Amino acid sequence: MPRKSPPLPSSSQPARAEPRKAVLHPRNRHTGRYDFPALIASCPELAEHVIVNPYGKQSIDFANPDAVRVFNRALLRQFYGIKHWDIPPGYLCPPVPGRADYLHGLADLLGKEQNGAIPQGGAIRALDIGTGANCIYPLIGNREYGWHFTGSDIDATALASARTIVSANGLAKAIELRQQAAPRLIFKGVVLPEERFDLTLCNPPFHASQAEANSGSQRKWRNLGKLDPSRKLPALNFGGQAAELWCDGGEVAFISRMAEESAQFAGQVYWFSTLVSKGANVAPLVARLKRLGARQVHTLDMAQGQKKSRFVAWTFLSEADQANWRAERWQHR
């Protein structure tokens, strides 16, 4: 039997004031505090991982990879009806609320020229570059908007995990997975001739090396006050394999390659997009896209807790081409 969630601290042990957190997208299901009793009801194994944080609130230990993995499983089960979700040891276990925010921002972008009416259903096709073992974007995007997803990855183990998740949840018709055989290519070899995607999304590798990724995680632990010499902490706070976290040249090199390659698929995608972890990398990317002939480039800010991020979206389609695309693909959807 799972143990009960711990009680809140007594009044004799006053909790510290919790810092104000940034606001998620209005449609994000994860605004407000987590309802741990409801999460445990849907995923009983979460009970053994619930703690009381220094602010007197129920939480989990984010330094414990098993706790983070089970927490994600509970969120996906309660909010999105995902009955089965698991990942191999050491693979990236992403924060669900932040991933949902990216999808809601993209949905707003699709609805921008339609008076906010977001196109939904399987006719809308999204390409997730580097879908990973967790398959998180296709799962949430399909549940929220009914979109059809194609997920690509270079890692065969990650794709096998994603396929297990998709199959176990009966989503094989809604989520297709493809292996990218050439590690330095992004769209080539994945996007088929004459194939059309309404949007692409990507969580690129942010670091230039494993050492840089480890250093970034240690910095996060210091900021959270979690560095305790008596305790062995994971090197990477949310896990991750090499291709998920670092590549030669880091984020700048990856998104630069993505921009260059996207121009070769200009007529096959309505909106390209990518997360950009470092704010300083946005301006060079925007300048590169404009040199490549992008007609529109948008930068949309996001925030979760104390973390700030953003994604950049661009299109090579003229306004007339965009109108024709919407009329042909989104009409009556």
# chains A, B, ... in the order shown; residues from 1 in each chain; ligands from 1
$ select_by_dssp --residues "stretch 24-255 of chain A" --states "strand (DSSP E)" --output "number ranges by chain"
A: 50-52, 58-60, 125-129, 148-153, 175-179, 197-202
$ residues_around --residues "A:Arg99" --least-positions-apart "3" --cutoff "10 Å" --atoms "only C-alpha atoms" --output "list in words"
Asn28, Pro94, Pro95, Val96, Tyr102, Leu103, His104, Ile136, Tyr137, Ile140, Gly141, Asn203 and Gln304 of chain A
$ atom_distance --atom1 "atom CA of A:Val50" --atom2 "atom CA of A:His25"
25.8 Å
$ closest_atom_pairs --of "stretch 111-192 of chain A" --to "stretch 67-89 of chain A" --cutoff "9 Å" --atoms "only C-alpha atoms" --output "tab-separated table"
residue	atom	partner	partner_atom	distance
A:Ala133	CA	A:Ile87	CA	5.9
A:Asn134	CA	A:Ile87	CA	6.0
A:Leu139	CA	A:Ile82	CA	7.8
A:Ile140	CA	A:Tyr80	CA	6.9
A:Arg143	CA	A:Tyr80	CA	6.2
A:Glu144	CA	A:Tyr80	CA	7.9
A:Thr157	CA	A:Pro88	CA	8.3
A:Ala158	CA	A:Pro88	CA	8.0
A:Ser161	CA	A:Ile87	CA	6.3
A:Ala162	CA	A:Ile87	CA	8.2
A:Thr164	CA	A:Trp85	CA	8.6
A:Ile165	CA	A:Trp85	CA	5.7
A:Val166	CA	A:His84	CA	8.7
A:Ala168	CA	A:His84	CA	6.2
A:Asn169	CA	A:Lys83	CA	6.3
$ residues_around --residues "A:Gly105" --least-positions-apart "6" --cutoff "9 Å" --atoms "only C-alpha atoms" --output "ChimeraX atom specification"
/A:25,300,302,311
$ closest_residue --among "A:Ile154, A:Asp61, A:Leu127, A:Pro193" --to "A:Ala181" --atoms "only C-alpha atoms"
A:Ile154
$ closest_residue --among "A:Gly132, A:Gly116, A:Gly111, A:Gly250" --to "A:Asp198" --atoms "only C-alpha atoms"
A:Gly111
$ residues_around --residues "A:Leu289" --least-positions-apart "2" --cutoff "9 Å" --atoms "only C-alpha atoms" --output "PyMOL selection string"
chain A and resi 256+259-260+263+284-287+291-295+297+314
$ closest_residue --among "A:Asp321, A:Glu48, A:Asp301, A:Glu261" --to "A:Ser277" --atoms "only C-alpha atoms"
A:Asp301
